[in-house]
$ cat data03.txt   # compact mmCIF, C-alpha atoms
# COMPACT_ATOMS: atom_id res chain seq x y z
CA MET K 7 32.06 68.24 96.63
CA LEU K 8 33.20 66.03 99.48
CA LEU K 9 36.93 66.03 100.22
CA ASP K 10 38.86 63.20 101.82
CA MET K 11 39.95 64.58 105.19
CA SER K 12 42.27 63.18 107.82
CA VAL K 13 40.72 65.31 110.60
CA ALA K 14 37.25 66.41 111.65
CA SER K 15 36.47 69.61 109.76
CA HIS K 16 33.38 71.75 109.30
CA CYS K 17 31.13 69.44 111.30
CA PRO K 18 29.24 69.36 114.62
CA LEU K 19 32.13 67.47 116.27
CA LEU K 20 33.82 70.87 116.57
CA SER K 21 31.01 72.55 118.51
CA ASN K 22 33.08 72.82 121.70
CA ALA K 23 35.98 74.34 119.77
CA SER K 24 33.72 77.01 118.29
CA GLU K 25 33.32 78.67 121.70
CA LYS K 26 37.10 78.80 122.23
CA LEU K 27 37.50 80.19 118.70
CA SER K 28 34.93 82.87 119.48
CA SER K 29 36.86 83.91 122.58
CA GLU K 30 40.16 84.06 120.70
CA LEU K 31 38.65 86.08 117.86
CA GLU K 32 37.12 88.52 120.34
CA ASP K 33 40.60 89.22 121.73
CA LYS K 34 42.50 89.30 118.44
CA LEU K 35 40.35 90.92 115.75
CA GLN K 36 39.99 94.61 115.02
CA ASN K 37 36.47 96.06 114.88
CA SER K 38 36.46 96.42 111.10
CA PHE K 39 38.55 95.24 108.16
CA LYS K 40 40.11 97.20 105.30
CA CYS K 41 38.85 94.77 102.68
CA ASP K 42 36.08 92.25 102.27
CA VAL K 43 36.43 88.76 103.71
CA ILE K 44 34.37 86.08 102.00
CA SER K 45 32.45 83.78 104.31
CA ASN K 46 32.51 80.13 103.32
CA VAL K 47 29.26 79.69 105.28
CA THR K 48 27.25 82.27 103.32
CA ALA K 49 29.43 82.77 100.20
CA ASN K 50 29.06 86.53 100.83
CA ALA K 51 31.40 89.27 102.01
CA TYR K 52 31.72 90.73 105.49
CA ARG K 53 33.88 93.48 107.04
CA THR K 54 33.29 93.61 110.79
CA LYS K 55 34.54 91.82 113.87
CA ASP K 56 31.02 90.89 114.96
CA GLU K 57 30.28 89.30 111.58
CA ALA K 58 33.63 87.49 111.60
CA ILE K 59 33.03 85.96 115.02
CA LYS K 60 29.52 84.84 114.12
CA LEU K 61 30.45 83.44 110.71
CA LEU K 62 33.76 81.79 111.64
CA LYS K 63 32.08 79.99 114.54
CA ARG K 64 29.49 78.66 112.09
CA GLN K 65 32.17 77.79 109.52
CA LEU K 66 33.85 75.51 112.03
CA ILE K 67 30.75 73.31 112.34
CA LYS K 68 28.89 73.79 109.02
CA PRO K 69 29.65 72.62 105.48
CA VAL K 70 31.77 75.02 103.45
CA LYS K 71 30.30 76.79 100.40
CA TYR K 72 33.71 77.16 98.81
CA LYS K 73 32.65 76.75 95.18
CA GLN K 74 29.88 79.33 95.61
CA SER K 75 32.31 81.70 97.38
CA ILE K 76 34.70 81.56 94.43
CA SER K 77 31.95 81.82 91.83
CA ASN K 78 30.38 84.86 93.52
CA TYR K 79 33.59 86.87 93.34
CA ASP K 80 35.68 85.57 90.45
CA LYS K 81 34.44 88.36 88.13
CA LYS K 82 35.56 91.00 90.65
CA ILE K 83 39.19 89.95 91.14
CA ASP K 84 42.32 89.18 89.10
CA LEU K 85 44.04 86.61 91.30
CA PHE K 86 43.42 84.18 94.17
CA VAL K 87 46.23 83.54 96.68
CA GLU K 88 46.22 80.33 98.72
CA LEU K 89 48.33 80.29 101.87
CA GLY K 90 49.71 77.06 103.31
CA GLY K 91 48.75 74.47 100.72
CA THR K 92 47.74 73.66 97.17
CA VAL K 93 44.35 71.92 97.55
CA LEU K 94 42.32 75.06 96.86
CA LYS K 95 44.35 75.84 93.74
CA GLY K 96 43.22 72.50 92.32
CA ILE K 97 39.59 73.14 93.23
CA ASN K 98 39.79 76.65 91.78
CA ARG K 99 40.87 75.24 88.41
CA LYS K 100 37.51 73.43 88.25
CA VAL K 101 35.49 76.48 89.32
CA THR K 102 37.07 79.56 87.71
CA LYS K 103 39.47 80.80 85.06
CA VAL K 104 40.99 83.30 87.52
CA PRO K 105 44.54 82.14 88.34
CA THR K 106 45.51 80.95 91.83
CA ILE K 107 48.97 81.27 93.36
CA SER K 108 49.77 78.84 96.19
CA ILE K 109 52.22 79.94 98.86
CA THR K 110 53.66 77.04 100.83
CA ASP K 111 57.15 78.23 101.77
CA MET K 112 59.53 81.19 101.43
CA ALA K 113 60.49 80.28 97.86
CA SER K 114 56.88 80.24 96.69
CA LEU K 115 56.24 83.49 98.59
CA GLU K 116 59.14 85.19 96.80
CA LYS K 117 57.92 83.86 93.45
CA ALA K 118 54.38 85.09 94.17
CA ILE K 119 55.65 88.57 95.08
CA GLU K 120 57.57 88.70 91.79
CA GLU K 121 54.47 87.67 89.82
CA ILE K 122 52.16 90.08 91.61
CA VAL K 123 54.46 93.11 91.52
CA VAL K 124 55.37 92.76 87.86

$ encode --input "data03.txt" --output "structure tokens"
Amino acid sequence: MLLDMSVASHCPLLSNASEKLSSELEDKLQNSFKCDVISNVTANAYRTKDEAIKLLKRQLIKPVKYKQSISNYDKKIDLFVELGGTVLKGINRKVTKVPTISITDMASLEKAIEEIVV
């Protein structure tokens, strides 16, 4: 599914930025993660810094396999949480029956916490 974008995203135009991203990730990430992170390049899970650096660099310049990422894991989870927008919530409605909560501000964060904790 192609999305209308106002900026260059997930394309070779970002090749130069991928090296800077790699450097930043090297400095900021821990060596392993407490939970799986789903790669939008492979639609599979990863848990290590080395995998994150490799896959996030690729994600910057390659098409995203978002639908496949959701489909591969929707039977294993109860809820998706989107941070910073609502676009993915709309896409998720077309891909899965698992609910998505979008957090865009403090009010929506507080509402999400109430829904998750209850």

$ closest_residue --input "data03.txt" --among "K:Ala58, K:Gln36, K:Leu20, K:Val104" --to "Lys82 of chain K" --atoms "only C-alpha atoms"
K:Val104

$ closest_residue --input "data03.txt" --among "K:Lys55, K:Leu62, K:Glu30, K:Leu35" --to "His16 of chain K" --atoms "only C-alpha atoms"
K:Leu62

$ residues_around --input "data03.txt" --residues "segment 90-103 of chain K" --least-positions-apart "5" --cutoff "12 Å" --atoms "only C-alpha atoms" --output "count of residues only"
26

$ atom_distance --input "data03.txt" --atom1 "atom CA of Arg64 of chain K" --atom2 "atom CA of Leu19 of chain K"
12.2 Å

$ atom_distance --input "data03.txt" --atom1 "atom CA of Asp56 of chain K" --atom2 "atom CA of Glu88 of chain K"
24.6 Å

$ build_atoms --input "data03.txt" --residues "segment 27-45 of chain K" --atoms "N, CA and C atoms" --output "PDB file, in the coordinates of the input"
ATOM      1  N   LEU K  27      37.177  79.348 119.856  1.00  0.00           N
ATOM      2  CA  LEU K  27      37.500  80.190 118.700  1.00  0.00           C
ATOM      3  C   LEU K  27      36.874  81.567 118.870  1.00  0.00           C
ATOM      4  N   SER K  28      35.626  81.614 119.280  1.00  0.00           N
ATOM      5  CA  SER K  28      34.930  82.870 119.480  1.00  0.00           C
ATOM      6  C   SER K  28      35.671  83.763 120.469  1.00  0.00           C
ATOM      7  N   SER K  29      36.116  83.180 121.557  1.00  0.00           N
ATOM      8  CA  SER K  29      36.860  83.910 122.580  1.00  0.00           C
ATOM      9  C   SER K  29      38.177  84.453 122.026  1.00  0.00           C
ATOM     10  N   GLU K  30      38.883  83.625 121.294  1.00  0.00           N
ATOM     11  CA  GLU K  30      40.160  84.060 120.700  1.00  0.00           C
ATOM     12  C   GLU K  30      39.952  85.179 119.686  1.00  0.00           C
ATOM     13  N   LEU K  31      38.934  85.049 118.860  1.00  0.00           N
ATOM     14  CA  LEU K  31      38.650  86.080 117.860  1.00  0.00           C
ATOM     15  C   LEU K  31      38.266  87.397 118.524  1.00  0.00           C
ATOM     16  N   GLU K  32      37.517  87.313 119.600  1.00  0.00           N
ATOM     17  CA  GLU K  32      37.120  88.520 120.340  1.00  0.00           C
ATOM     18  C   GLU K  32      38.354  89.290 120.796  1.00  0.00           C
ATOM     19  N   ASP K  33      39.373  88.588 121.241  1.00  0.00           N
ATOM     20  CA  ASP K  33      40.600  89.220 121.730  1.00  0.00           C
ATOM     21  C   ASP K  33      41.506  89.717 120.607  1.00  0.00           C
ATOM     22  N   LYS K  34      41.487  89.061 119.458  1.00  0.00           N
ATOM     23  CA  LYS K  34      42.500  89.300 118.440  1.00  0.00           C
ATOM     24  C   LYS K  34      42.074  90.185 117.270  1.00  0.00           C
ATOM     25  N   LEU K  35      40.789  90.201 116.946  1.00  0.00           N
ATOM     26  CA  LEU K  35      40.350  90.920 115.750  1.00  0.00           C
ATOM     27  C   LEU K  35      40.110  92.405 116.005  1.00  0.00           C
ATOM     28  N   GLN K  36      40.360  93.201 114.980  1.00  0.00           N
ATOM     29  CA  GLN K  36      39.990  94.610 115.020  1.00  0.00           C
ATOM     30  C   GLN K  36      38.487  94.719 114.782  1.00  0.00           C
ATOM     31  N   ASN K  37      37.915  95.896 115.024  1.00  0.00           N
ATOM     32  CA  ASN K  37      36.470  96.060 114.880  1.00  0.00           C
ATOM     33  C   ASN K  37      35.982  96.056 113.442  1.00  0.00           C
ATOM     34  N   SER K  38      36.849  96.462 112.518  1.00  0.00           N
ATOM     35  CA  SER K  38      36.460  96.420 111.100  1.00  0.00           C
ATOM     36  C   SER K  38      37.703  96.102 110.274  1.00  0.00           C
ATOM     37  N   PHE K  39      37.471  95.672 109.037  1.00  0.00           N
ATOM     38  CA  PHE K  39      38.550  95.240 108.160  1.00  0.00           C
ATOM     39  C   PHE K  39      38.677  96.196 106.975  1.00  0.00           C
ATOM     40  N   LYS K  40      39.864  96.298 106.423  1.00  0.00           N
ATOM     41  CA  LYS K  40      40.110  97.200 105.300  1.00  0.00           C
ATOM     42  C   LYS K  40      39.575  96.657 103.984  1.00  0.00           C
ATOM     43  N   CYS K  41      39.379  95.355 103.907  1.00  0.00           N
ATOM     44  CA  CYS K  41      38.850  94.770 102.680  1.00  0.00           C
ATOM     45  C   CYS K  41      37.831  93.691 103.045  1.00  0.00           C
ATOM     46  N   ASP K  42      37.073  93.286 102.055  1.00  0.00           N
ATOM     47  CA  ASP K  42      36.080  92.250 102.270  1.00  0.00           C
ATOM     48  C   ASP K  42      36.739  90.913 102.590  1.00  0.00           C
ATOM     49  N   VAL K  43      36.078  90.147 103.435  1.00  0.00           N
ATOM     50  CA  VAL K  43      36.430  88.760 103.710  1.00  0.00           C
ATOM     51  C   VAL K  43      35.217  87.952 103.255  1.00  0.00           C
ATOM     52  N   ILE K  44      35.467  86.889 102.506  1.00  0.00           N
ATOM     53  CA  ILE K  44      34.370  86.080 102.000  1.00  0.00           C
ATOM     54  C   ILE K  44      34.090  84.939 102.965  1.00  0.00           C
ATOM     55  N   SER K  45      32.868  84.843 103.397  1.00  0.00           N
ATOM     56  CA  SER K  45      32.450  83.780 104.310  1.00  0.00           C
ATOM     57  C   SER K  45      32.189  82.507 103.530  1.00  0.00           C
TER      58      SER K  45
END
